[in-house]
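Structure file run05.cif (mmCIF, C-alpha atoms) is printed below.
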data_coords
#
loop_
_atom_site.label_atom_id
_atom_site.label_comp_id
_atom_site.auth_asym_id
_atom_site.auth_seq_id
_atom_site.Cartn_x
_atom_site.Cartn_y
_atom_site.Cartn_z
CA MET A 885 81.72 86.07 77.29
CA LEU A 886 79.66 82.97 76.49
CA GLN A 887 79.91 83.70 72.78
CA ASP A 888 83.68 84.21 73.05
CA VAL A 889 84.06 80.85 74.79
CA ARG A 890 81.82 79.18 72.22
CA GLU A 891 83.75 80.64 69.26
CA LEU A 892 87.12 79.84 70.85
CA HIS A 893 86.04 76.26 71.43
CA LYS A 894 84.94 75.87 67.81
CA HIS A 895 88.35 76.96 66.57
CA ILE A 896 90.87 75.54 68.99
CA TYR A 897 91.41 72.38 70.94
CA TYR A 898 94.75 70.78 71.75
CA ASP A 899 95.07 67.02 71.30
CA PRO A 900 98.00 65.99 73.54
CA TYR A 901 98.11 62.44 72.11
CA ASN A 902 98.69 63.56 68.54
CA ASN A 903 100.45 66.76 69.57
CA ASN A 904 98.36 69.08 67.42
CA TRP A 905 95.51 71.58 67.52
CA ILE A 906 92.12 70.39 66.29
CA ARG A 907 88.62 71.83 66.12
CA GLY A 908 86.44 71.50 69.20
CA ASN A 909 84.64 68.18 69.67
CA SER A 910 81.21 69.74 70.30
CA GLU A 911 79.69 73.12 71.10
CA ILE A 912 78.44 74.30 74.44
CA PRO A 913 74.63 74.32 74.27
CA TYR A 914 73.00 77.70 73.96
CA ILE A 915 72.39 79.36 77.33
CA HIS A 916 69.60 81.92 77.57
CA PHE A 917 69.73 84.65 80.21
CA GLU A 918 66.57 85.44 82.07
CA PHE A 919 67.10 88.73 83.91
CA VAL A 920 65.18 89.35 87.11
CA GLU A 921 65.47 92.02 89.79
CA LYS A 922 64.52 90.32 93.01
CA PRO A 923 65.86 91.60 96.34
CA ALA A 924 66.67 89.04 99.03
CA LEU A 925 65.42 90.17 102.44
CA SER A 926 65.33 88.99 106.01
CA ARG A 927 64.13 90.55 109.26
CA ASP A 928 66.54 92.14 111.71
CA GLU A 929 66.24 92.07 115.51
CA SER A 930 63.65 94.85 115.47
CA GLY A 931 61.53 93.10 112.85
CA GLU A 932 62.52 95.40 109.98
CA PHE A 933 63.31 93.98 106.53
CA ILE A 934 66.98 94.32 105.56
CA PRO A 935 68.97 93.03 102.54
CA ASP A 936 70.24 89.48 103.00
CA ASP A 937 72.79 88.84 100.27
CA SER A 938 73.38 85.24 101.37
CA LYS A 939 69.97 84.48 99.81
CA LEU A 940 70.83 86.00 96.43
CA ASN A 941 70.63 82.94 94.21
CA MET A 942 71.45 82.59 90.52
CA GLY A 943 71.56 79.35 88.64
CA VAL A 944 71.27 77.45 85.40
CA GLY A 945 68.29 75.14 84.94
CA ALA A 946 67.64 71.81 83.24
CA PRO A 947 67.75 71.81 79.42
CA LEU A 948 64.54 72.71 77.65
CA VAL A 949 63.05 70.57 74.86
CA ASN A 950 65.29 72.22 72.24
CA GLY A 951 68.43 71.67 74.36
CA THR A 952 68.70 75.28 75.53
CA HIS A 953 69.51 76.00 79.17
CA LYS A 954 68.03 78.98 80.99
CA LEU A 955 70.26 80.90 83.40
CA THR A 956 68.28 83.03 85.85
CA PHE A 957 70.38 86.11 86.53
CA ASN A 958 69.48 88.46 89.37
CA TYR A 959 70.19 92.05 88.36
CA TYR A 960 69.88 93.02 92.02
CA TRP A 961 73.04 90.96 92.66
CA LEU A 962 74.98 93.34 90.39
CA LYS A 963 73.82 96.37 92.37
CA ARG A 964 74.64 94.84 95.73
CA TYR A 965 78.04 93.56 94.64
CA MET A 966 79.08 96.84 93.03
CA SER A 967 78.04 98.68 96.20
CA PHE A 968 80.17 96.26 98.22
CA LEU A 969 83.24 96.83 96.02
CA GLN A 970 82.87 100.61 96.09
CA THR A 971 82.55 100.59 99.88
CA ILE A 972 85.67 98.45 100.33
CA PHE A 973 87.94 99.91 97.64
CA ASP A 974 86.72 103.24 96.34
CA ASP A 975 85.11 105.46 98.99
CA ASN A 976 88.26 107.24 100.14
CA GLU A 977 88.48 110.69 101.63
CA GLU A 978 91.15 113.20 100.75
CA GLU A 979 92.24 116.41 102.41
CA VAL A 980 92.74 118.91 99.58
CA ILE A 981 94.59 122.13 100.30
CA THR A 982 95.60 124.98 98.00
CA LEU A 983 98.70 127.06 98.72
CA ASN A 984 98.61 130.43 96.96
CA ASP A 985 101.88 132.04 98.08
CA ILE A 986 104.31 129.43 96.83
CA PRO A 987 105.89 128.75 93.44
CA LYS A 988 104.09 126.20 91.30
CA GLN A 989 105.16 122.64 92.01
CA THR A 990 105.56 119.82 89.49
CA ALA A 991 104.28 116.31 90.10
CA GLU A 992 107.29 114.02 89.95
CA SER A 993 107.98 110.31 89.65
CA LYS A 994 111.18 108.79 90.98
CA THR A 995 112.76 105.36 91.21
CA ARG A 996 112.88 103.59 94.54
CA SER A 997 116.64 104.23 94.69
CA GLU A 998 116.11 108.00 94.32
CA ILE A 999 113.49 107.99 97.06
CA LEU A 1000 115.88 106.11 99.35
CA GLN A 1001 118.37 108.95 98.84
CA MET A 1002 115.66 111.43 99.87
CA ILE A 1003 115.11 109.38 103.04
CA SER A 1004 118.78 109.68 103.97
CA GLY A 1005 118.57 113.46 103.59
CA LEU A 1006 115.43 113.66 105.77
CA LYS A 1007 117.13 111.70 108.54
CA ARG A 1008 120.09 114.07 108.47
CA CYS A 1009 117.64 116.97 108.89
CA GLY A 1010 116.04 115.33 111.92
CA LEU A 1011 112.70 114.52 110.21
CA LYS A 1012 112.65 110.99 111.58
CA GLN A 1013 108.89 110.34 111.47
CA GLN A 1014 108.55 111.63 107.90
CA ALA A 1015 111.55 109.53 106.83
CA GLU A 1016 110.04 106.39 108.34
CA SER A 1017 106.73 106.96 106.54
CA LEU A 1018 108.50 107.47 103.22
CA GLN A 1019 110.61 104.34 103.84
CA LEU A 1020 107.46 102.23 104.27
CA TYR A 1021 106.02 103.72 101.09
CA ALA A 1022 109.17 103.01 99.06
CA ASN A 1023 109.47 99.44 100.34
CA CYS A 1024 106.27 98.31 98.62
CA PHE A 1025 107.74 98.94 95.16
CA THR A 1026 110.50 97.14 93.30
CA LYS A 1027 113.88 98.71 92.72
CA ASP A 1028 113.28 99.76 89.11
CA ASP A 1029 109.70 101.05 89.47
CA LEU A 1030 108.99 104.69 88.64
CA ILE A 1031 106.61 105.72 91.42
CA PRO A 1032 104.76 108.95 92.24
CA CYS A 1033 106.98 110.97 94.54
CA PRO A 1034 105.15 112.60 97.45
CA ALA A 1035 105.95 116.11 98.65
CA LEU A 1036 106.23 117.37 102.24
CA THR A 1037 103.39 119.77 103.03
CA PHE A 1038 102.87 121.90 106.13
CA PHE A 1039 99.34 122.79 107.12
CA GLU A 1040 97.39 123.70 110.23
CA THR A 1041 94.64 121.59 111.82
CA LYS A 1042 93.00 122.11 115.20
CA GLY A 1043 95.45 124.88 115.99
CA ARG A 1044 98.50 122.72 115.34
CA GLN A 1045 100.86 122.87 112.40
CA ILE A 1046 101.81 119.45 111.10
CA CYS A 1047 104.14 118.23 108.39
CA VAL A 1048 102.78 115.40 106.21
CA TRP A 1049 103.28 113.80 102.83
CA SER A 1050 100.99 114.81 99.96
CA PHE A 1051 100.71 114.42 96.19
CA VAL A 1052 100.82 117.41 93.84
CA ASP A 1053 97.88 117.91 91.48
CA GLY A 1054 98.26 119.00 87.88
CA ASP A 1055 97.78 122.71 88.62
CA GLY A 1056 100.94 122.71 90.76
CA ALA A 1057 99.32 124.55 93.68
CA THR A 1058 96.86 121.95 94.96
CA PHE A 1059 98.03 119.19 97.28
CA ARG A 1060 96.05 116.05 97.96
CA ILE A 1061 96.66 114.37 101.28
CA PRO A 1062 95.14 110.90 100.96
CA MET A 1063 93.29 109.55 103.99
CA LYS A 1064 93.52 105.97 102.88
CA LYS A 1065 91.23 103.22 103.96
CA THR A 1066 93.09 100.53 105.80
CA ILE A 1067 93.10 98.24 102.76
CA TYR A 1068 95.44 100.64 100.95
CA ASN A 1069 97.85 100.50 103.87
CA THR A 1070 98.57 96.84 103.08
CA SER A 1071 101.22 95.53 100.72
CA GLY A 1072 98.59 93.80 98.56
CA PHE A 1073 96.86 97.04 97.54
CA ALA A 1074 99.19 99.94 98.41
CA PRO A 1075 100.55 100.19 94.82
CA LEU A 1076 96.96 100.32 93.47
CA PHE A 1077 95.63 103.31 95.44
CA GLU A 1078 95.87 105.71 92.50
CA GLU A 1079 94.14 103.15 90.26
CA ARG A 1080 91.35 102.30 92.69
CA ASN A 1081 88.60 103.21 90.21
CA SER A 1082 89.93 100.84 87.56
CA LEU A 1083 90.58 98.22 90.26
CA VAL A 1084 86.88 98.21 91.17
CA SER A 1085 86.01 97.74 87.48
CA GLU A 1086 88.50 94.87 87.09
CA LEU A 1087 87.18 93.12 90.20
CA PHE A 1088 83.55 93.64 89.19
CA ILE A 1089 83.98 92.32 85.65
CA ASN A 1090 86.06 89.31 86.66
CA SER A 1091 83.80 88.42 89.59
CA LEU A 1092 80.89 88.50 87.16
CA LYS A 1093 82.85 86.27 84.77
CA MET A 1094 83.56 83.86 87.63
CA ILE A 1095 79.85 83.58 88.50
CA LEU A 1096 78.81 83.10 84.87
CA ALA A 1097 81.62 80.65 84.17
CA HIS A 1098 80.62 78.63 87.26
CA GLU A 1099 77.07 78.26 85.93
CA VAL A 1100 78.33 77.50 82.41
CA ALA A 1101 80.61 74.83 83.88
CA HIS A 1102 77.57 72.96 85.24
CA VAL A 1103 76.49 72.57 81.61
CA ALA A 1104 79.93 72.23 80.02
CA ARG A 1105 81.18 69.57 82.45
CA GLY A 1106 78.06 67.46 81.99
CA HIS A 1107 76.55 67.93 85.46
CA TRP A 1108 73.09 68.41 83.97
CA LEU A 1109 73.48 65.38 81.72
CA LEU A 1110 74.28 63.28 84.80
CA ARG A 1111 71.23 64.67 86.58
CA MET A 1112 69.00 63.70 83.64
CA LYS A 1113 70.44 60.18 83.35
CA GLU A 1114 70.64 59.38 87.07
CA PRO A 1115 68.40 61.83 88.94
CA GLU A 1116 68.41 60.04 92.29
CA TYR A 1117 72.19 59.48 92.38
CA SER A 1118 73.00 63.02 91.18
CA MET A 1119 70.91 64.59 93.95
CA THR A 1120 72.80 62.90 96.80
CA ARG A 1121 74.69 65.31 99.04
CA ASN A 1122 78.24 64.31 98.15
CA VAL A 1123 77.59 64.27 94.41
CA MET A 1124 76.10 67.77 94.54
CA MET A 1125 79.02 69.00 96.64
CA ASN A 1126 81.55 67.54 94.20
CA CYS A 1127 79.79 69.13 91.24
CA GLU A 1128 79.84 72.55 92.92
CA ILE A 1129 83.54 72.26 93.71
CA ASN A 1130 84.19 71.05 90.15
CA ALA A 1131 82.30 74.05 88.72
CA ASP A 1132 84.27 76.45 90.95
CA TRP A 1133 87.71 75.31 89.90
CA THR A 1134 86.65 74.92 86.26
CA ALA A 1135 85.52 78.55 86.26
CA ALA A 1136 88.73 79.72 87.97
CA THR A 1137 90.85 77.80 85.46
CA TRP A 1138 88.96 79.40 82.57
CA LEU A 1139 89.59 82.85 84.06
CA ILE A 1140 93.33 82.13 84.11
CA ASN A 1141 93.53 80.42 80.72
CA GLU A 1142 91.47 83.05 78.92
CA LEU A 1143 94.35 85.54 79.00
CA LEU A 1144 96.64 83.05 77.25
CA TYR A 1145 94.50 83.33 74.11
CA ASP A 1146 94.77 87.15 73.96
CA THR A 1147 97.65 87.11 71.47
CA VAL A 1148 99.36 89.94 69.60
CA ASP A 1149 97.83 88.95 66.25
CA GLY A 1150 94.49 87.49 67.41
CA ASN A 1151 95.47 83.94 66.47
CA PRO A 1152 94.95 81.79 69.61
CA CYS A 1153 97.85 79.51 68.60
CA THR A 1154 100.37 82.38 68.56
CA THR A 1155 102.94 82.13 71.36
CA VAL A 1156 103.19 85.88 72.06
CA ILE A 1157 100.58 87.27 74.47
CA CYS A 1158 99.44 90.87 73.96
CA TYR A 1159 100.27 92.00 77.54
CA ASN A 1160 103.62 92.97 78.98
CA LYS A 1161 104.91 90.94 81.92
CA THR A 1162 103.88 93.38 84.67
CA THR A 1163 100.35 93.75 83.28
CA LEU A 1164 99.88 90.00 82.85
CA ILE A 1165 100.93 89.29 86.45
CA TYR A 1166 98.57 92.03 87.66
CA LEU A 1167 95.61 90.76 85.61
CA TRP A 1168 96.11 87.14 86.70
CA SER A 1169 96.46 88.14 90.37
CA VAL A 1170 93.31 90.28 90.22
CA ARG A 1171 91.37 87.44 88.57
CA ILE A 1172 92.31 84.97 91.30
CA PHE A 1173 91.38 87.52 93.97
CA ALA A 1174 88.09 88.29 92.14
CA ALA A 1175 87.25 84.56 92.16
CA TYR A 1176 87.95 84.55 95.91
CA LEU A 1177 85.72 87.57 96.50
CA SER A 1178 82.84 86.34 94.35
CA LEU A 1179 82.56 83.15 96.44
CA SER A 1180 82.74 84.86 99.82
CA TRP A 1181 81.44 88.45 99.66
CA PHE A 1182 77.91 87.64 100.82
CA SER A 1183 79.29 86.34 104.13
CA ARG A 1184 80.91 89.66 104.94
CA ASN A 1185 78.90 90.23 108.13
CA ASP A 1186 79.64 86.79 109.54
CA ASP A 1187 82.69 85.71 111.46
CA ARG A 1188 85.13 84.94 108.65
CA ILE A 1189 87.46 82.88 110.81
CA TRP A 1190 87.13 79.12 110.35
CA SER A 1191 86.25 77.16 113.48
CA HIS A 1192 85.40 73.67 114.71
CA GLU A 1193 81.80 74.82 115.20
CA THR A 1194 81.55 75.98 111.58
CA ILE A 1195 82.62 72.67 110.08
CA THR A 1196 80.68 70.56 112.59
CA GLU A 1197 77.44 72.41 111.80
CA PHE A 1198 78.07 72.08 108.07
CA VAL A 1199 78.86 68.34 108.16
CA SER A 1200 75.71 67.60 110.17
CA LYS A 1201 73.45 69.57 107.78
CA ASP A 1202 71.96 66.84 105.57
CA THR A 1203 70.02 69.33 103.42
CA ALA A 1204 73.12 71.28 102.28
CA THR A 1205 73.53 71.37 98.49
CA HIS A 1206 76.52 73.76 98.30
CA PRO A 1207 79.73 73.68 100.36
CA ILE A 1208 80.04 76.61 102.74
CA TYR A 1209 82.23 79.32 101.30
CA GLN A 1210 85.38 78.51 103.32
CA PHE A 1211 85.29 74.96 101.95
CA ARG A 1212 84.81 76.21 98.39
CA LEU A 1213 87.64 78.74 98.75
CA PHE A 1214 90.00 76.08 100.06
CA CYS A 1215 89.26 73.71 97.14
CA MET A 1216 89.28 76.41 94.47
CA LEU A 1217 92.53 78.05 95.59
CA ASN A 1218 94.32 74.72 95.91
CA ARG A 1219 93.27 73.85 92.37
CA VAL A 1220 94.46 77.25 91.09
CA LYS A 1221 97.85 76.69 92.77
CA GLU A 1222 98.11 73.22 91.18
CA HIS A 1223 97.24 74.71 87.79
CA LEU A 1224 99.90 77.44 88.03
CA ASP A 1225 102.50 74.92 89.25
CA HIS A 1226 101.61 72.55 86.40
CA MET A 1227 102.10 75.25 83.75
CA GLY A 1228 105.41 76.20 85.35
CA ARG A 1229 106.62 72.58 85.31
CA VAL A 1230 105.60 72.13 81.66
CA CYS A 1231 107.63 75.21 80.71
CA GLU A 1232 110.73 73.90 82.49
CA LYS A 1233 110.35 70.34 81.23
CA GLU A 1234 109.74 71.13 77.56
CA SER A 1235 111.71 74.37 77.39
CA GLN A 1236 108.84 75.83 75.39
CA HIS A 1237 107.52 79.18 76.49
CA LEU A 1238 104.78 81.59 75.72
CA TYR A 1239 106.11 85.14 75.68
CA THR A 1240 104.75 88.46 76.83
CA ALA A 1241 104.56 91.46 74.52
CA ASP A 1242 107.83 92.77 76.01
CA LYS A 1243 109.53 89.47 75.09
CA CYS A 1244 109.69 87.94 78.58
CA PRO A 1245 109.15 84.16 78.75
CA ILE A 1246 106.06 83.16 80.78
CA ASN A 1247 107.91 80.65 82.92
CA LYS A 1248 107.72 79.21 86.42
CA SER A 1249 108.94 82.43 88.04
CA VAL A 1250 106.02 84.32 86.48
CA TYR A 1251 103.45 81.81 87.74
CA ASP A 1252 105.09 81.88 91.20
CA GLU A 1253 104.85 85.68 91.29
CA VAL A 1254 101.18 85.55 90.27
CA TRP A 1255 100.41 83.22 93.18
CA LYS A 1256 102.43 85.34 95.63
CA ASN A 1257 100.62 88.53 94.56
CA ALA A 1258 97.19 86.88 94.66
CA CYS A 1259 97.82 85.59 98.20
CA ASP A 1260 99.05 89.03 99.27
CA MET A 1261 95.78 90.52 97.99
CA ILE A 1262 93.70 87.88 99.77
CA PHE A 1263 95.48 88.26 103.11
CA SER A 1264 95.51 92.06 102.80
CA PHE A 1265 91.77 92.05 102.18
CA GLU A 1266 91.07 89.88 105.21
CA TYR A 1267 93.40 91.95 107.38
CA ALA A 1268 91.69 95.22 106.45
CA PHE A 1269 88.15 93.99 105.81
CA ARG A 1270 86.38 95.00 109.00
CA ALA A 1271 87.85 98.49 109.10
CA CYS A 1272 86.81 99.01 105.46
CA TRP A 1273 83.32 97.54 105.62
CA ASN A 1274 82.39 99.03 108.97
CA SER A 1275 82.99 102.69 109.76
CA ASP A 1276 86.64 103.68 110.01
CA GLU A 1277 86.72 105.42 113.37
CA ARG A 1278 90.24 106.79 113.10
CA SER A 1279 90.47 110.57 113.33
CA THR A 1280 91.27 112.63 110.25
CA LEU A 1281 94.73 113.30 111.62
CA ASP A 1282 95.40 109.59 112.17
CA LYS A 1283 94.26 108.79 108.63
CA ILE A 1284 96.56 111.47 107.23
CA ARG A 1285 99.51 110.22 109.27
CA ASP A 1286 98.85 106.67 108.06
CA SER A 1287 98.63 107.71 104.41
CA LEU A 1288 102.04 106.21 103.58
CA PHE A 1289 102.11 103.49 106.24
CA ILE A 1290 102.08 100.01 104.69
CA VAL A 1291 101.57 96.68 106.44
CA PRO A 1292 103.75 94.11 104.64
CA ASN A 1293 102.73 90.45 104.37
CA ALA A 1294 99.43 90.57 106.25
CA GLN A 1295 99.26 86.77 106.47
CA PRO A 1296 97.83 85.64 109.82
CA GLU A 1297 100.29 84.20 112.30
CA THR A 1298 98.27 81.02 112.92
CA GLN A 1299 96.46 78.71 110.53
CA GLU A 1300 93.27 79.01 112.57
CA LYS A 1301 92.96 82.66 111.54
CA ILE A 1302 93.15 81.96 107.81
CA PRO A 1303 89.52 82.08 106.67
CA PHE A 1304 89.84 79.42 103.97
CA TYR A 1305 92.47 77.10 105.45
CA MET A 1306 90.71 74.20 107.13
CA CYS A 1307 92.69 71.00 106.81
CA TYR A 1308 94.17 71.34 110.27
CA MET A 1309 90.81 70.09 111.63
CA ASP A 1310 89.94 66.39 111.75
CA GLU A 1311 86.30 67.01 110.81
CA ALA A 1312 87.29 69.00 107.72
CA ILE A 1313 89.86 66.42 106.61
CA LYS A 1314 87.30 63.60 106.86
CA GLU A 1315 84.71 65.63 104.95
CA LEU A 1316 87.18 66.42 102.17
CA GLU A 1317 88.44 62.83 101.98
CA GLU A 1318 84.86 61.59 101.66
CA TYR A 1319 84.27 63.89 98.68
CA GLU A 1320 87.56 62.93 97.05
CA SER A 1321 86.86 59.21 97.46
CA GLU A 1322 83.67 59.60 95.40
CA TRP A 1323 85.04 61.95 92.76
CA GLN A 1324 86.52 59.30 90.45
CA THR A 1325 83.18 57.47 90.25
CA ILE A 1326 81.39 60.74 89.53
CA LEU A 1327 83.99 61.68 86.89
CA ASP A 1328 83.59 58.29 85.17
CA LYS A 1329 79.85 58.88 84.95
CA LEU A 1330 80.32 62.42 83.62
CA ARG A 1331 82.60 61.07 80.88
CA LYS A 1332 80.15 58.28 80.11
CA TYR A 1333 77.19 60.59 79.59
CA GLY A 1334 79.28 63.28 77.91
CA MET A 1335 81.05 66.58 78.56
CA PHE A 1336 80.58 69.46 76.17
CA PHE A 1337 83.80 71.29 76.80
CA ARG A 1338 87.44 70.89 77.70
CA MET A 1339 90.24 73.45 77.71
#
Could you render the structure as structure tokens?
Amino acid sequence: MLQDVRELHKHIYYDPYNNNWIRGNSEIPYIHFEFVEKPALSRDESGEFIPDDSKLNMGVGAPLVNGTHKLTFNYYWLKRYMSFLQTIFDDNEEEVITLNDIPKQTAESKTRSEILQMISGLKRCGLKQQAESLQLYANCFTKDDLIPCPALTFFETKGRQICVWSFVDGDGATFRIPMKKTIYNTSGFAPLFEERNSLVSELFINSLKMILAHEVAHVARGHWLLRMKEPEYSMTRNVMMNCEINADWTAATWLINELLYDTVDGNPCTTVICYNKTTLIYLWSVRIFAAYLSLSWFSRNDDRIWSHETITEFVSKDTATHPIYQFRLFCMLNRVKEHLDHMGRVCEKESQHLYTADKCPINKSVYDEVWKNACDMIFSFEYAFRACWNSDERSTLDKIRDSLFIVPNAQPETQEKIPFYMCYMDEAIKELEEYESEWQTILDKLRKYGMFFRM
């Protein structure tokens, strides 16, 4: 990834004053990876050592004599994070039954309209519960989507015969009844249940990119140059906090912008992106959600709801060098929203569009849909998180019955329950305003001593 960024920067840079593309002004310094495998542990109540992922640190160091930076990368972090993703998204049970005395069935896909017609027929037959389940399933797809069509299956459990929805396997005689984790019963992830393996891969890769890009941003944005020129000033609490927030939103912006250079012919100046519209919206949404996860996953066992006590403790902690994760999420997501809105406004103002591979203009409506989908994923994750991370104590029968049940728009009813929304609190507003009041001075210094990279 670093090499891709370095090569891209050498070949492309847009000069808005002269309205043309020029070569990059300078290269990112070489960054050397030093791989370590170092578990982070703490003692539990009984005195036993247990993993403590909040202590898993990775970071880029001061430049060496030859200008190279060394990034210490903890391989153990990869193991822990992948385990986390698999637990949340991929460890799903299924009830698999084989029916020998029936004709072979064919797996079918139907449009939402066709499934709605099926629902009408079920209601006429008196199968009200099954119709309601199928209605919830159909509602999470758009009108023109071709979606896997479930089949009604009768089977016996605990001496009772029940009628549930299932999906036909390729052999035509095997039926899979998914016992979904709660996260796949939310509108943010319901359409992705069949692709949960690839979803884990997408989240893992893009979370890793977010972490690496954050560390690269400390170099690229000149944070280390400032530390070398003014060590005492750069180590003050507010300067360090600003630099961390700056690195977060720089990394998130890179994740979004990177896809705009994947063009149909490999030329980064080409206006046609190599993804169709649906795929591009999916990839952007997943990248924003991956950035969200990578900044907050290690706090999974803590109370994820923001509170007055949380911010008060943080503000009074003079030794803090990084904002707590809720603060970082708030700043990063607001910057992402501003970035998407900005690109949408530029499209409307200049009437110049990039296009997807299926010839759709990448306009404001596309950026709005990306943000809507990303928020749906974030809220769906928070809604379902505890049931997914801790043991799901629902019975097998309950899981089967819920297999098609979908919770739409899992956004909390009150702002206090949104884990990253904090500006309703006076203490948080003052803290944020204090950072923002110093940012222009910090930015002037960064420009004075030099930045290696702009996109």
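Closest approach to His1107 (chain A) among A:Met966, A:Cys1244, A:Met1124, A:Ile1061: A:Met1124, based on all atoms listed in the file.
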* Evaluate the PyMOL selection byres ((chain A and resi 962) around 12) and report residues as a ChimeraX atom specification -> /A:919-923,937,940-942,957-961,963-969,1088-1089,1091-1093,1095,1178
* Structure fact -> The residue from A:Asn1069, A:Ser926, A:Gln1210, A:Ser1169 with the smallest atom-to-atom distance to Asn1090 (chain A), counting only C-alpha atoms, is A:Ser1169
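Minimum atom-to-atom distance to Ile1140 (chain A), evaluated using only C-alpha atoms, belongs to A:Tyr1251 out of A:Tyr1117, A:Trp1181, A:Trp1049, A:Tyr1251.
Among the candidate residues A:Thr1066, A:Ser1017, A:Asn950, A:Thr990, the one lying nearest to Pro1032 (chain A) is A:Thr990, with distances computed using all atoms listed in the file.
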* **Result set, the PyMOL selection byres ((chain A and resi 1265-1274) around 7) on current file, as a ChimeraX atom specification** => /A:971-972,1065-1067,1261-1264,1275-1276,1294
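Using all atoms listed in the file, the shortest contact distance between Arg1171 (chain A) and any of A:Gln1001, A:Thr995, A:Asn1257, A:Asn1122 is found at A:Asn1257.
Residue nearest Thr956 (chain A), chosen from A:Lys1314, A:Lys1221, A:Arg927, A:His916 and counting only C-alpha atoms: A:His916.
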* List every protein, DNA or RNA residue that has an atom no more than 10 Å from (104.0, 86.6, 74.7) in the file's coordinate frame, counting all atoms listed in the file, and report them as a ChimeraX atom specification. => /A:1144,1146-1148,1154-1161,1164,1237-1246
Once 8 Å is added on each side, what centre and edge lengths in Å to one decimal does the axis-aligned box around all listed atoms of region 1100-1118 of chain A have, as JSON?
{"center_x": 74.8, "center_y": 68.4, "center_z": 86.2, "size_x": 28.8, "size_y": 34.1, "size_z": 28.4}
Might you spell out which residues the PyMOL selection byres ((chain A and resi 1208) around 12) would select in the displayed file, as a PDB file with C-alpha atoms, in the frame of the given file?
ATOM      1  CA  SER A 938      73.380  85.240 101.370  1.00  0.00           C
ATOM      2  CA  MET A1125      79.020  69.000  96.640  1.00  0.00           C
ATOM      3  CA  GLU A1128      79.840  72.550  92.920  1.00  0.00           C
ATOM      4  CA  ILE A1129      83.540  72.260  93.710  1.00  0.00           C
ATOM      5  CA  LEU A1179      82.560  83.150  96.440  1.00  0.00           C
ATOM      6  CA  SER A1180      82.740  84.860  99.820  1.00  0.00           C
ATOM      7  CA  PHE A1182      77.910  87.640 100.820  1.00  0.00           C
ATOM      8  CA  SER A1183      79.290  86.340 104.130  1.00  0.00           C
ATOM      9  CA  ARG A1188      85.130  84.940 108.650  1.00  0.00           C
ATOM     10  CA  TRP A1190      87.130  79.120 110.350  1.00  0.00           C
ATOM     11  CA  THR A1194      81.550  75.980 111.580  1.00  0.00           C
ATOM     12  CA  ILE A1195      82.620  72.670 110.080  1.00  0.00           C
ATOM     13  CA  THR A1196      80.680  70.560 112.590  1.00  0.00           C
ATOM     14  CA  GLU A1197      77.440  72.410 111.800  1.00  0.00           C
ATOM     15  CA  PHE A1198      78.070  72.080 108.070  1.00  0.00           C
ATOM     16  CA  VAL A1199      78.860  68.340 108.160  1.00  0.00           C
ATOM     17  CA  LYS A1201      73.450  69.570 107.780  1.00  0.00           C
ATOM     18  CA  ALA A1204      73.120  71.280 102.280  1.00  0.00           C
ATOM     19  CA  THR A1205      73.530  71.370  98.490  1.00  0.00           C
ATOM     20  CA  HIS A1206      76.520  73.760  98.300  1.00  0.00           C
ATOM     21  CA  PRO A1207      79.730  73.680 100.360  1.00  0.00           C
ATOM     22  CA  TYR A1209      82.230  79.320 101.300  1.00  0.00           C
ATOM     23  CA  GLN A1210      85.380  78.510 103.320  1.00  0.00           C
ATOM     24  CA  PHE A1211      85.290  74.960 101.950  1.00  0.00           C
ATOM     25  CA  ARG A1212      84.810  76.210  98.390  1.00  0.00           C
ATOM     26  CA  LEU A1213      87.640  78.740  98.750  1.00  0.00           C
ATOM     27  CA  PHE A1214      90.000  76.080 100.060  1.00  0.00           C
ATOM     28  CA  CYS A1215      89.260  73.710  97.140  1.00  0.00           C
ATOM     29  CA  PRO A1303      89.520  82.080 106.670  1.00  0.00           C
ATOM     30  CA  PHE A1304      89.840  79.420 103.970  1.00  0.00           C
ATOM     31  CA  MET A1306      90.710  74.200 107.130  1.00  0.00           C
ATOM     32  CA  ALA A1312      87.290  69.000 107.720  1.00  0.00           C
TER      33      ALA A1312
END
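Reported to one decimal place, the separation of CA of Pro1075 (chain A) from CA of Ser1004 (chain A) is 22.5 Å.
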* To do: Compile the contact shell of Ser993 (chain A) as a ChimeraX atom specification: residues with an atom at most 9 Å away, counting only C-alpha atoms, same-chain residues fewer than 5 positions apart removed.
  => /A:1030-1034
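Take CA of Asp1053 (chain A) and CA of Asp1282 (chain A): the distance between them is 22.4 Å.
Rounded to one decimal, CA of Phe1039 (chain A) and CA of Pro1292 (chain A) lie 29.1 Å from each other.
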* For Glu1232 (chain A), please output as a PyMOL selection string all residues within 8 Å (counting all atoms listed in the file; exclusion window: fewer than 3 positions along the same chain). => chain A and resi 1228-1229+1235-1236+1247-1248
